[in-house]
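Structure data follow from protein37.txt (compact mmCIF, C-alpha atoms):
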```txt
# COMPACT_ATOMS: atom_id res chain seq x y z
CA MET D 1 3.18 -14.23 -12.30
CA SER D 2 1.24 -11.77 -14.47
CA VAL D 3 1.71 -8.02 -14.20
CA LEU D 4 -1.86 -7.64 -12.94
CA ARG D 5 -1.32 -10.12 -10.10
CA LEU D 6 1.97 -8.45 -9.20
CA PHE D 7 0.18 -5.10 -9.15
CA LEU D 8 -2.53 -6.53 -6.86
CA LEU D 9 0.15 -7.77 -4.48
CA PHE D 10 1.82 -4.37 -4.60
CA LEU D 11 -1.51 -2.68 -3.71
CA LEU D 12 -1.98 -5.11 -0.82
CA VAL D 13 1.51 -4.38 0.54
CA LEU D 14 0.81 -0.64 0.27
CA LEU D 15 -2.51 -1.10 2.09
CA GLN D 16 -0.72 -3.11 4.76
CA VAL D 17 2.13 -0.68 5.51
CA THR D 18 0.25 2.60 5.07
CA LEU D 19 -3.12 1.79 6.64
CA LEU D 20 -3.68 -1.61 8.24
CA ASP D 21 -0.52 -1.55 10.38
CA ARG D 22 -1.64 1.77 11.84
CA LEU D 23 -5.11 0.61 12.87
CA PRO D 24 -5.15 -0.65 16.48
CA LEU D 25 -7.54 -3.56 15.86
CA LEU D 26 -6.28 -4.67 12.47
CA GLY D 27 -2.67 -3.94 13.27
CA VAL D 28 -1.65 -7.57 13.50
CA PRO D 29 1.61 -7.49 11.57
CA SER D 30 1.19 -8.68 7.99
CA ALA D 31 -1.84 -10.90 8.75
CA PRO D 32 -3.75 -9.97 5.57
CA LEU D 33 -0.66 -10.52 3.42
CA LEU D 34 0.06 -13.81 5.15
CA ALA D 35 -3.47 -14.99 4.56
CA VAL D 36 -3.26 -14.04 0.88
CA VAL D 37 0.08 -15.85 0.43
CA VAL D 38 -1.33 -18.98 2.10
CA VAL D 39 -4.48 -19.00 -0.03
CA TRP D 40 -2.50 -18.06 -3.13
CA THR D 41 -0.23 -21.07 -2.55
CA TRP D 42 -3.27 -23.29 -1.99
CA THR D 43 -5.07 -22.16 -5.13
CA ARG D 44 -2.14 -21.79 -7.51
CA GLY D 45 0.28 -24.43 -6.28
CA PRO D 46 3.83 -24.16 -4.95
CA ALA D 47 5.16 -22.14 -7.90
CA GLY D 48 2.44 -19.49 -7.49
CA GLY D 49 3.04 -19.46 -3.73
CA ILE D 50 6.76 -18.93 -4.15
CA GLY D 51 6.10 -16.05 -6.56
CA ALA D 52 3.62 -14.39 -4.22
CA ALA D 53 5.83 -14.88 -1.14
CA VAL D 54 8.97 -13.51 -2.77
CA GLY D 55 7.15 -10.63 -4.49
CA ALA D 56 5.20 -9.50 -1.43
CA GLY D 57 8.16 -10.18 0.88
CA LEU D 58 10.58 -8.04 -1.10
CA LEU D 59 8.06 -5.21 -1.23
CA LEU D 60 7.65 -5.47 2.55
CA ASP D 61 11.44 -5.44 2.91
CA LEU D 62 11.62 -2.21 0.94
CA SER D 63 9.02 -0.64 3.26
CA SER D 64 10.83 -1.49 6.49
CA SER D 65 14.23 -0.94 8.03
CA ALA D 66 14.89 -4.69 8.20
CA PRO D 67 17.60 -6.17 5.93
CA LEU D 68 16.44 -6.83 2.37
CA GLY D 69 15.24 -10.41 2.11
CA VAL D 70 14.04 -11.21 5.64
CA HIS D 71 10.33 -10.71 4.95
CA ALA D 72 10.65 -12.60 1.66
CA LEU D 73 12.26 -15.52 3.49
CA ALA D 74 9.62 -15.44 6.22
CA LEU D 75 6.75 -15.40 3.71
CA LEU D 76 8.49 -18.21 1.82
CA ALA D 77 8.43 -20.27 5.03
CA ALA D 78 4.70 -19.53 5.33
CA ALA D 79 4.15 -20.55 1.68
CA ALA D 80 6.09 -23.79 2.28
CA VAL D 81 3.77 -24.63 5.18
CA ALA D 82 0.75 -23.90 2.97
CA ALA D 83 2.15 -25.98 0.09
CA ALA D 84 2.74 -28.95 2.41
CA ALA D 85 -0.77 -28.65 3.86
CA ALA D 86 -2.36 -28.33 0.41
CA ARG D 87 -0.85 -31.66 -0.64
CA HIS D 88 -2.62 -33.55 2.14
CA LEU D 89 -5.75 -31.56 3.01
CA THR D 90 -8.92 -30.61 1.15
CA PRO D 91 -9.38 -26.88 0.53
CA ARG D 92 -12.12 -26.29 3.08
CA ALA D 93 -12.36 -23.26 5.33
CA PRO D 94 -11.35 -24.94 8.64
CA TRP D 95 -8.25 -26.51 7.12
CA VAL D 96 -7.29 -23.29 5.37
CA ALA D 97 -7.73 -21.38 8.65
CA LEU D 98 -5.56 -23.89 10.53
CA THR D 99 -2.93 -23.81 7.82
CA ALA D 100 -2.93 -20.00 7.86
CA ALA D 101 -2.38 -20.06 11.64
CA ALA D 102 0.52 -22.51 11.28
CA ALA D 103 1.98 -20.48 8.41
CA ALA D 104 1.71 -17.31 10.50
CA ALA D 105 3.67 -18.98 13.30
CA ALA D 106 6.33 -20.08 10.78
CA TYR D 107 6.45 -16.52 9.41
CA THR D 108 6.90 -14.89 12.83
CA LEU D 109 9.46 -17.44 13.99
CA SER D 110 11.43 -17.01 10.78
CA LEU D 111 11.46 -13.23 11.27
CA ALA D 112 12.49 -13.62 14.91
CA LEU D 113 15.28 -16.03 13.97
CA SER D 114 16.64 -13.68 11.31
CA GLY D 115 16.37 -10.78 13.78
CA LEU D 116 18.36 -12.76 16.31
CA LEU D 117 21.02 -13.97 13.86
CA LEU D 118 21.47 -10.75 11.91
CA GLY D 119 20.86 -8.38 14.82
CA TRP D 120 18.20 -6.25 13.11
CA ALA D 121 15.68 -6.92 15.92
CA ARG D 122 15.68 -8.09 19.50
CA PRO D 123 13.05 -10.82 19.53
CA LEU D 124 12.11 -11.09 23.18
CA PRO D 125 10.22 -14.36 23.85
CA GLY D 126 7.09 -12.58 25.08
CA LEU D 127 7.05 -10.32 22.04
CA VAL D 128 7.52 -13.21 19.61
CA LEU D 129 4.79 -15.22 21.32
CA GLY D 130 2.40 -12.26 21.22
CA LEU D 131 3.15 -11.54 17.56
CA SER D 132 2.81 -15.23 16.64
CA LEU D 133 -0.56 -15.55 18.34
CA GLY D 134 -1.80 -12.28 16.87
CA ALA D 135 -0.64 -13.12 13.35
CA ALA D 136 -2.03 -16.67 13.64
CA ALA D 137 -5.43 -15.44 14.80
CA GLY D 138 -5.53 -12.70 12.15
CA ALA D 139 -4.46 -14.98 9.30
CA ALA D 140 -6.85 -17.74 10.43
CA LEU D 141 -9.72 -15.27 10.33
CA ILE D 142 -8.84 -13.71 6.98
CA ALA D 143 -7.71 -16.79 5.00
CA PRO D 144 -11.15 -18.49 4.76
CA LEU D 145 -12.60 -15.18 3.54
CA ALA D 146 -9.89 -14.83 0.90
CA LEU D 147 -10.32 -18.44 -0.28
CA PRO D 148 -13.44 -17.98 -2.47
CA VAL D 149 -12.13 -14.71 -3.95
CA LEU D 150 -8.68 -15.99 -4.87
CA GLY D 151 -10.12 -19.40 -5.79
CA ARG D 152 -12.43 -17.72 -8.32
CA MET D 153 -9.51 -15.70 -9.65
CA ALA D 154 -7.52 -18.90 -10.06
CA GLY D 155 -10.46 -20.51 -11.82
CA SER D 156 -10.24 -23.50 -9.54
CA ASP D 157 -13.50 -25.42 -9.41
CA ARG D 158 -12.37 -27.81 -6.72
CA LEU D 159 -12.46 -25.15 -3.97
CA ARG D 160 -15.33 -25.25 -1.54
CA VAL D 161 -15.76 -23.12 1.56
CA MET B 162 -2.08 -29.49 -15.33
CA ARG B 163 1.49 -29.05 -16.44
CA ARG B 164 3.97 -30.79 -14.18
CA SER B 165 7.06 -29.04 -12.99
CA ARG B 166 10.32 -30.90 -13.41
CA VAL B 167 11.64 -29.61 -10.09
CA SER B 168 9.89 -30.92 -6.98
CA PRO B 169 8.10 -28.30 -4.81
CA ALA B 170 10.41 -28.95 -1.86
CA ARG B 171 13.43 -28.41 -4.06
CA SER B 172 11.93 -25.23 -5.52
CA PHE B 173 11.36 -23.80 -2.03
CA ALA B 174 14.91 -24.76 -0.99
CA LEU B 175 16.44 -23.17 -4.11
CA VAL B 176 14.53 -19.92 -3.69
CA ALA B 177 15.39 -19.83 0.03
CA CYS B 178 19.08 -20.26 -0.82
CA ALA B 179 18.85 -17.44 -3.38
CA LEU B 180 17.16 -15.17 -0.82
CA LEU B 181 19.75 -16.04 1.83
CA ALA B 182 22.52 -15.17 -0.62
CA MET B 183 20.82 -11.85 -1.40
CA LEU B 184 20.36 -11.20 2.32
CA PHE B 185 24.06 -11.64 3.03
CA VAL B 186 25.10 -9.57 0.00
CA PHE B 187 22.91 -6.69 1.19
CA GLN B 188 24.45 -6.95 4.68
CA THR B 189 27.80 -5.77 3.32
CA PRO B 190 28.66 -2.06 3.76
CA LEU B 191 29.12 -1.74 0.00
CA MET B 192 25.38 -2.34 -0.51
CA THR B 193 24.15 0.19 2.10
CA ALA B 194 23.69 3.04 -0.38
CA PRO B 195 21.99 0.94 -3.11
CA ALA B 196 19.66 -0.56 -0.47
CA ALA B 197 18.71 2.92 0.77
CA SER B 198 18.06 4.04 -2.84
CA MET B 199 15.89 0.99 -3.49
CA ARG B 200 13.90 1.71 -0.34
CA GLY B 201 13.43 5.25 -1.60
CA LEU B 202 11.52 3.84 -4.59
CA MET B 203 8.69 2.81 -2.27
CA ALA B 204 8.31 6.31 -0.82
CA PRO B 205 6.23 7.94 -3.64
CA PRO B 206 3.55 5.21 -3.72
CA GLU B 207 3.48 5.12 0.08
CA GLN B 208 3.06 8.89 0.15
CA LEU B 209 0.27 8.66 -2.42
CA ALA B 210 -1.49 5.90 -0.49
CA THR B 211 -1.22 7.84 2.78
CA SER B 212 -2.76 10.92 1.11
CA LEU B 213 -5.45 8.72 -0.41
CA TRP B 214 -6.42 7.20 2.95
CA GLY B 215 -6.43 10.71 4.43
CA GLY B 216 -8.72 11.97 1.65
CA LEU B 217 -10.92 8.91 1.90
CA GLY B 218 -11.24 9.40 5.66
CA GLN B 219 -12.29 13.00 5.12
CA GLY B 220 -14.77 11.97 2.43
CA LEU B 221 -16.39 9.46 4.73
CA SER B 222 -16.81 12.14 7.38
CA VAL B 223 -19.74 13.45 5.29
CA PHE B 224 -21.71 10.52 6.67
CA GLY B 225 -20.85 11.30 10.23
CA ASP B 226 -18.68 13.32 12.51
CA ILE B 227 -16.24 10.48 13.18
CA SER B 228 -13.42 12.09 11.26
CA SER B 229 -13.79 15.50 12.90
CA LEU B 230 -14.16 13.93 16.33
CA ARG B 231 -11.05 11.89 15.71
CA ALA B 232 -9.16 14.97 14.57
CA ARG B 233 -10.39 16.86 17.63
CA ASN B 234 -9.36 13.99 19.83
CA ARG B 235 -5.92 13.92 18.19
CA SER B 236 -5.59 17.67 18.63
CA LEU B 237 -6.56 17.46 22.31
CA ALA B 238 -4.21 14.52 22.83
CA ALA B 239 -1.40 16.51 21.18
CA GLN B 240 -2.20 19.52 23.39
CA ASN B 241 -2.23 17.28 26.43
CA GLN B 242 1.10 15.75 25.44
CA ALA B 243 2.59 19.17 24.82
CA LEU B 244 1.35 20.46 28.18
CA GLN B 245 2.80 17.46 29.97
CA ALA B 246 6.09 18.04 28.21
CA GLN B 247 5.95 21.71 29.27
CA ILE B 248 5.44 20.70 32.90
CA ALA B 249 8.41 18.33 32.60
CA GLY B 250 10.54 21.19 31.28
CA LEU B 251 9.50 23.45 34.17
CA GLN B 252 10.30 20.74 36.71
CA ALA B 253 13.74 20.36 35.22
CA GLN B 254 14.26 24.13 35.21
CA GLY B 255 13.57 24.29 38.90
CA ALA B 256 15.99 21.46 39.62
CA GLU B 257 18.80 22.52 37.33
CA ASN B 258 18.37 26.28 37.56
CA HIS B 259 18.97 26.84 33.90
CA ASN B 260 16.85 26.99 30.81
CA LEU B 261 15.79 23.47 29.89
CA ARG B 262 14.18 22.89 26.55
CA SER B 263 10.48 22.44 26.68
CA ALA B 264 9.07 19.98 24.19
CA LEU B 265 6.14 22.30 23.48
CA ASN B 266 8.43 25.18 22.52
CA PHE B 267 11.00 22.77 21.21
CA GLU B 268 11.87 24.65 18.05
CA ARG B 269 12.41 27.96 19.87
CA SER B 270 14.45 26.63 22.77
CA PHE B 271 16.25 23.96 20.79
CA GLY B 272 18.07 26.48 18.65
CA GLY B 273 19.01 23.98 15.94
CA ALA B 274 17.68 23.37 12.46
CA MET B 275 14.93 20.85 11.93
CA VAL B 276 12.82 19.39 9.15
CA ALA B 277 9.15 18.51 9.51
CA ALA B 278 8.20 15.18 7.94
CA GLN B 279 5.07 13.10 7.51
CA VAL B 280 4.96 9.44 8.48
CA ILE B 281 4.05 7.54 5.32
CA ALA B 282 4.50 3.92 6.41
CA GLU B 283 5.10 1.73 9.38
CA SER B 284 7.14 -1.44 9.53
CA ALA B 285 4.98 -4.51 9.14
CA ALA B 286 7.31 -6.88 10.99
CA GLY B 287 6.25 -5.86 14.48
CA LEU B 288 9.78 -6.65 15.63
CA ASP B 289 11.73 -3.58 14.56
CA SER B 290 9.08 -0.86 15.06
CA SER B 291 10.35 1.50 12.40
CA LEU B 292 8.62 4.32 10.56
CA THR B 293 9.10 5.66 7.05
CA ILE B 294 9.01 9.44 6.65
CA ASP B 295 8.63 11.52 3.49
CA ARG B 296 11.88 13.47 3.87
CA GLY B 297 15.30 12.19 2.90
CA SER B 298 18.81 13.27 2.01
CA SER B 299 17.47 15.94 -0.38
CA SER B 300 16.00 17.69 2.69
CA GLY B 301 19.20 17.28 4.71
CA VAL B 302 18.08 14.15 6.59
CA ALA B 303 20.91 11.70 7.32
CA PRO B 304 21.36 8.53 9.39
CA GLY B 305 21.90 9.18 13.09
CA MET B 306 19.73 12.31 13.24
CA VAL B 307 17.32 12.57 16.16
CA VAL B 308 13.57 12.48 15.48
CA VAL B 309 11.02 14.08 17.82
CA THR B 310 7.39 15.18 18.03
CA GLY B 311 5.90 18.01 20.08
CA GLY B 312 5.39 15.39 22.79
CA GLY B 313 8.95 14.14 22.93
CA LEU B 314 11.55 11.75 21.54
CA VAL B 315 10.59 9.37 18.72
CA GLY B 316 13.96 7.81 17.78
CA ILE B 317 16.77 8.18 15.27
CA VAL B 318 17.09 8.05 11.50
CA SER B 319 18.50 4.62 10.61
CA ALA B 320 18.70 5.01 6.81
CA ALA B 321 18.05 7.83 4.38
CA ALA B 322 17.16 7.73 0.68
CA VAL B 323 16.75 10.82 -1.49
CA ALA B 324 13.10 11.52 -0.66
CA SER B 325 12.43 9.25 2.31
CA ALA B 326 14.06 7.90 5.45
CA GLN B 327 13.65 5.07 7.94
CA VAL B 328 13.27 5.96 11.61
CA GLN B 329 14.23 3.48 14.34
CA THR B 330 11.78 4.29 17.11
CA LEU B 331 12.02 3.97 20.89
CA ALA B 332 9.68 0.99 20.64
CA ASP B 333 12.64 -0.91 19.21
CA PRO B 334 14.41 -2.82 22.03
CA ARG B 335 17.79 -2.22 20.38
CA LEU B 336 17.65 1.54 20.89
CA ARG B 337 19.34 2.92 24.04
CA VAL B 338 18.92 6.48 25.30
CA ASN B 339 20.85 8.04 28.19
CA ALA B 340 18.33 9.94 30.31
CA TYR B 341 17.62 11.43 33.74
CA THR B 342 14.59 11.97 35.90
CA ALA B 343 13.59 15.63 35.99
CA THR B 344 12.89 16.02 39.73
CA SER B 345 14.91 13.36 41.51
CA GLN B 346 17.87 13.83 39.14
CA LEU B 347 18.60 10.13 38.77
CA ASN B 348 20.66 9.15 35.73
CA GLY B 349 20.32 6.00 33.71
CA THR B 350 19.72 4.38 30.34
CA VAL B 351 16.32 3.88 28.75
CA SER B 352 15.86 0.85 26.53
CA GLY B 353 12.96 0.53 24.18
CA GLY B 354 10.30 -2.09 23.96
CA PRO B 355 6.90 -2.80 22.54
CA GLY B 356 5.18 -2.04 25.85
CA ALA B 357 6.55 0.20 28.56
CA LEU B 358 10.10 1.49 28.31
CA LEU B 359 12.63 0.27 30.85
CA MET B 360 15.13 2.58 32.52
CA SER B 361 18.21 1.19 34.25
CA VAL B 362 18.94 3.75 36.94
CA ILE B 363 22.26 4.44 38.66
CA PRO B 364 21.31 4.37 42.38
CA SER B 365 21.65 7.45 44.53
CA PRO B 366 21.30 6.76 48.29
CA GLY B 367 17.90 7.78 49.61
CA VAL B 368 16.66 9.07 46.26
CA VAL B 369 13.72 7.47 44.51
CA ALA B 370 11.87 8.43 41.35
CA ARG B 371 8.17 9.03 41.79
CA ALA B 372 5.39 7.87 39.49
CA GLY B 373 4.51 10.56 36.99
CA GLU B 374 7.95 12.12 37.09
CA ALA B 375 9.25 13.22 33.69
CA VAL B 376 12.29 11.57 32.14
CA LEU B 377 14.43 13.57 29.72
CA THR B 378 17.47 12.84 27.57
CA SER B 379 20.70 13.59 29.46
CA GLY B 380 22.91 14.28 26.46
CA VAL B 381 25.49 11.80 27.75
CA GLY B 382 27.18 10.09 24.81
CA GLY B 383 26.27 12.89 22.42
CA GLU B 384 23.77 10.87 20.38
CA PHE B 385 20.71 12.71 21.72
CA PRO B 386 20.69 16.41 22.73
CA ARG B 387 19.96 17.08 26.41
CA GLY B 388 16.44 17.89 27.55
CA ILE B 389 14.15 16.03 25.15
CA MET B 390 11.15 14.44 26.82
CA VAL B 391 11.36 10.63 26.75
CA GLY B 392 8.42 9.62 28.93
CA ARG B 393 7.08 9.44 32.46
CA VAL B 394 7.88 7.12 35.34
CA VAL B 395 5.16 4.51 35.85
CA SER B 396 6.87 2.54 38.61
CA PHE B 397 10.26 2.50 40.31
CA ALA B 398 11.89 -0.57 41.80
CA SER B 399 14.44 0.19 44.47
CA ARG B 400 16.42 -2.65 46.04
CA PRO B 401 18.99 -2.20 48.80
CA ALA B 402 22.61 -2.67 47.68
CA ALA B 403 21.56 -3.11 44.04
CA ILE B 404 24.08 -2.13 41.39
CA LEU B 405 21.30 -0.78 39.21
CA GLU B 406 17.72 0.13 40.01
CA SER B 407 15.01 0.06 37.41
CA ALA B 408 12.02 2.15 36.46
CA ARG B 409 9.22 1.44 34.01
CA LEU B 410 8.34 4.40 31.84
CA ALA B 411 5.37 5.34 29.71
CA TRP B 412 6.70 6.61 26.37
CA ALA B 413 5.68 10.16 25.45
CA ASN B 414 4.69 8.89 21.98
CA HIS B 415 3.12 5.81 20.44
CA VAL B 416 4.25 4.38 17.10
CA THR B 417 0.80 3.99 15.60
CA GLN B 418 -0.30 7.49 16.63
CA ILE B 419 2.63 9.44 15.19
CA SER B 420 1.71 11.19 11.96
CA VAL B 421 4.11 14.16 11.81
CA VAL B 422 7.66 14.29 13.17
CA LEU B 423 10.55 16.74 13.37
CA VAL B 424 14.03 15.63 12.32
CA LEU B 425 16.80 17.56 14.09
CA THR B 426 19.18 18.19 11.21
CA SER B 427 21.58 20.15 13.40
CA SER B 428 21.78 20.95 17.07
CA PRO B 429 23.55 23.74 18.95
CA GLY B 430 25.63 21.26 20.88
CA ARG B 431 26.94 19.48 17.81
```

Now that the file is in, can you turn its structure into structure tokens?
Amino acid sequence: MSVLRLFLLFLLVLLQVTLLDRLPLLGVPSAPLLAVVVVWTWTRGPAGGIGAAVGAGLLLDLSSSAPLGVHALALLAAAAVAAAAARHLTPRAPWVALTAAAAAAAYTLSLALSGLLLGWARPLPGLVLGLSLGAAAGAALIAPLALPVLGRMAGSDRLRV
Amino acid sequence: MRRSRVSPARSFALVACALLAMLFVFQTPLMTAPAASMRGLMAPPEQLATSLWGGLGQGLSVFGDISSLRARNRSLAAQNQALQAQIAGLQAQGAENHNLRSALNFERSFGGAMVAAQVIAESAAGLDSSLTIDRGSSSGVAPGMVVVTGGGLVGIVSAAAVASAQVQTLADPRLRVNAYTATSQLNGTVSGGPGALLMSVIPSPGVVARAGEAVLTSGVGGEFPRGIMVGRVVSFASRPAAILESARLAWANHVTQISVVLVLTSSPGR
């Protein structure tokens, strides 16, 4: 991953933890980052997705009180879902939105599981369900919007919205 | 397109294994200090970004009064919170017949040292509800210290780097606070949560907590000093012959609305 792309991810993480998480309407945890990781994986392949997930995840880990690695693992799970979907589906907005929703669910469940196993959070079922639905809706809305932008950056001519 | 020799599934599995290994290594006590230092690296850019958003918000206010109205609203909300906390203190004074700390005049009545800090980031997980503040060990902030606002209790410092610290807030279900109701004098334990707080109350025959009644820290256990506003009773469930009764509380603060906090670096009782 180039320094510029890493810097863009860093800016996105900063935007997420310092601004977006504090806005009541856009405060769906990590939805913009999730959407970017999903689209990144779709446009740049599994290797690019792994890089984005680990990079953004570790930066998120450093900005929270959770153990180092849990956000990276959760975003990796989301990228794995996106990579699997990208192998079988065409990169059109509805599929990308659906994939982003599924990836968001995988992300939240992965975080909840690590919270339960490592004791850094108490993932009550209602809370996990609410967060999953919120993240899925947020990521599904944002991912199709990010697709043309990141697709252009990737230089992929096979992407159509 | 260049083909990778390792299959995608294998790549994901390998990276996941590496992350799991890192996760377990950083769980060891030996890695606590390095982890806190690494987290401290994020503080300067977070601080810069927070200032930038603040400046940007002010700049945009040229096109309208939204920013000033928001600031006014925040100021009024803070005044309202402080007044409610003052009423809670007065209620407790009447019941206990000694000087209870008012959250509004917290610094004066508290008598301990404290450090003011700005919230520079919020946890993105949504599960741990933590905040990052711009003061750390260089300002005397250490893990276990109590964090408050003018309105009441926020939480405790969970980790401290040189110039920043993580605060575990009351919205985190793992946090437990021993507290009492100001008027009815019922004791219990408040547990956090993303919505309303829950207080497990030790029953006292014939005594019920009323809606709107203030709940303050009891000082039992020594983790939190006595008399800090926690929240207000929303509802109280009393069942005959129950071992514990329960009350739902409205927290005196809200994670997304906290911008400045006070860290109690020493307290008279400690």

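The neighbours of range 339-348 of chain B here are the residues that come within 7 Å of it, using only C-alpha atoms and leaving out any residue fewer than 3 positions away in the same chain; they are Ala249, Gln252, Ala253, Ala256, Val351, Val362, Ile363, Val368, Val369, Ala370, Glu374, Ala375, Val376, Leu377, Thr378, Ser379, Gly380 and Val381 of chain B.
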
- [ ] For chain B, work out the contacting residues on chain D at 7 Å, counting only C-alpha atoms, and write them as a ChimeraX atom specification.
- [x] /D:14,17-18,21-22,29-30,46,62-65,67-69,73,80,121-123

Please put the answer as AutoDock Vina command-line options: centre and edge lengths, in Å with one decimal, of a box along x, y and z that encloses all listed atoms of range 403-420 of chain B plus 4 Å on each side.
```
--center_x 11.9 --center_y 4.0 --center_z 28.0 --size_x 32.4 --size_y 22.3 --size_z 40.1
```

Task: Top pick for closest residue to Leu15 in chain D, considering D:Met153, D:Leu131, D:Ala112, D:Leu33 and counting only C-alpha atoms - done: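 The shortest atom-to-atom distance to Leu15 in chain D comes from D:Leu33.
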
Task: Val54 in chain D environment, 8 Å, only C-alpha atoms, sequence neighbours closer than 6 positions dropped, as an MDAnalysis selection string - done: chainID D and resid 72:73 75:76

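CA of Met360 in chain B is found 9.0 Å from CA of Val338 in chain B.
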
Open item on the list: What does the structure give for the distance between CA of Glu384 in chain B and CA of Leu314 in chain B, in Å to one decimal?
Closed with: 12.3 Å

Open item on the list: Would you compute the distance between CA of Thr310 in chain B and CA of Arg337 in chain B? Give it in Å to one decimal.
Closed with: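 Interatomic distance here is 18.1 Å.
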
Task: Nearest candidate to Val36 in chain D (options D:Val13, D:Leu60, D:Leu124, D:Leu111; using only C-alpha atoms) - done: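 Result for the nearest residue to Val36 in chain D: D:Val13.
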
TODO: Dig up all the protein and nucleic acid residues within 9 Å of (-12.1, -16.8, 11.1) in the file frame, using all atoms listed in the file, and format them as a PyMOL selection string.
DONE: chain D and resi 93-94+97+137-145

- [ ] Mind checking which residues fall within 8 Å of range 108-110 of chain D, counting only C-alpha atoms, ignoring those fewer than 5 positions away in the same chain, and posting them as JSON, numbers by chain?
- [x] {"D": [73, 74, 77, 128, 131, 132, 135]}

Could you take the residues named above and write them with C-alpha atoms, as an mmCIF file, in the coordinates of the input?
```
data_model
loop_
_atom_site.group_PDB
_atom_site.id
_atom_site.type_symbol
_atom_site.label_atom_id
_atom_site.label_comp_id
_atom_site.auth_asym_id
_atom_site.auth_seq_id
_atom_site.Cartn_x
_atom_site.Cartn_y
_atom_site.Cartn_z
ATOM 1 C CA LEU D 73 12.260 -15.520 3.490
ATOM 2 C CA ALA D 74 9.620 -15.440 6.220
ATOM 3 C CA ALA D 77 8.430 -20.270 5.030
ATOM 4 C CA VAL D 128 7.520 -13.210 19.610
ATOM 5 C CA LEU D 131 3.150 -11.540 17.560
ATOM 6 C CA SER D 132 2.810 -15.230 16.640
ATOM 7 C CA ALA D 135 -0.640 -13.120 13.350
#
```

TODO: With only C-alpha atoms counted, which protein, DNA or RNA residues have an atom no more than 6 Å from (4.4, -19.3, 7.2) in the file frame? Please answer as a ChimeraX atom specification.
DONE: /D:75,77-79,81,103-104,106-107

TODO: Fewer than 6 positions away in the same chain doesn't count, so skip those; otherwise give me all residues within 10 Å of Leu89 in chain D, counting all atoms listed in the file, as a ChimeraX atom specification.
DONE: /D:42,95-96,99

Open item on the list: Residues near Ala239 in chain B, anyone? I mean within 10 Å using only C-alpha atoms, not counting same-chain ones fewer than 2 positions away, as a PyMOL selection string.
Closed with: chain B and resi 233-237+241-245+265+310-312+414

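When all atoms listed in the file are used to measure the gap to Ile50 in chain D, the shortest distance among D:Val3, D:Ala82, D:Leu116, D:Leu98 belongs to D:Ala82.
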
Task: Nearest-residue call for Ser114 in chain D, choices D:Arg5, D:Val70, D:Leu147, D:Leu19, using all atoms listed in the file - done: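 Checking each candidate against Ser114 in chain D, we get D:Val70 as the closest.
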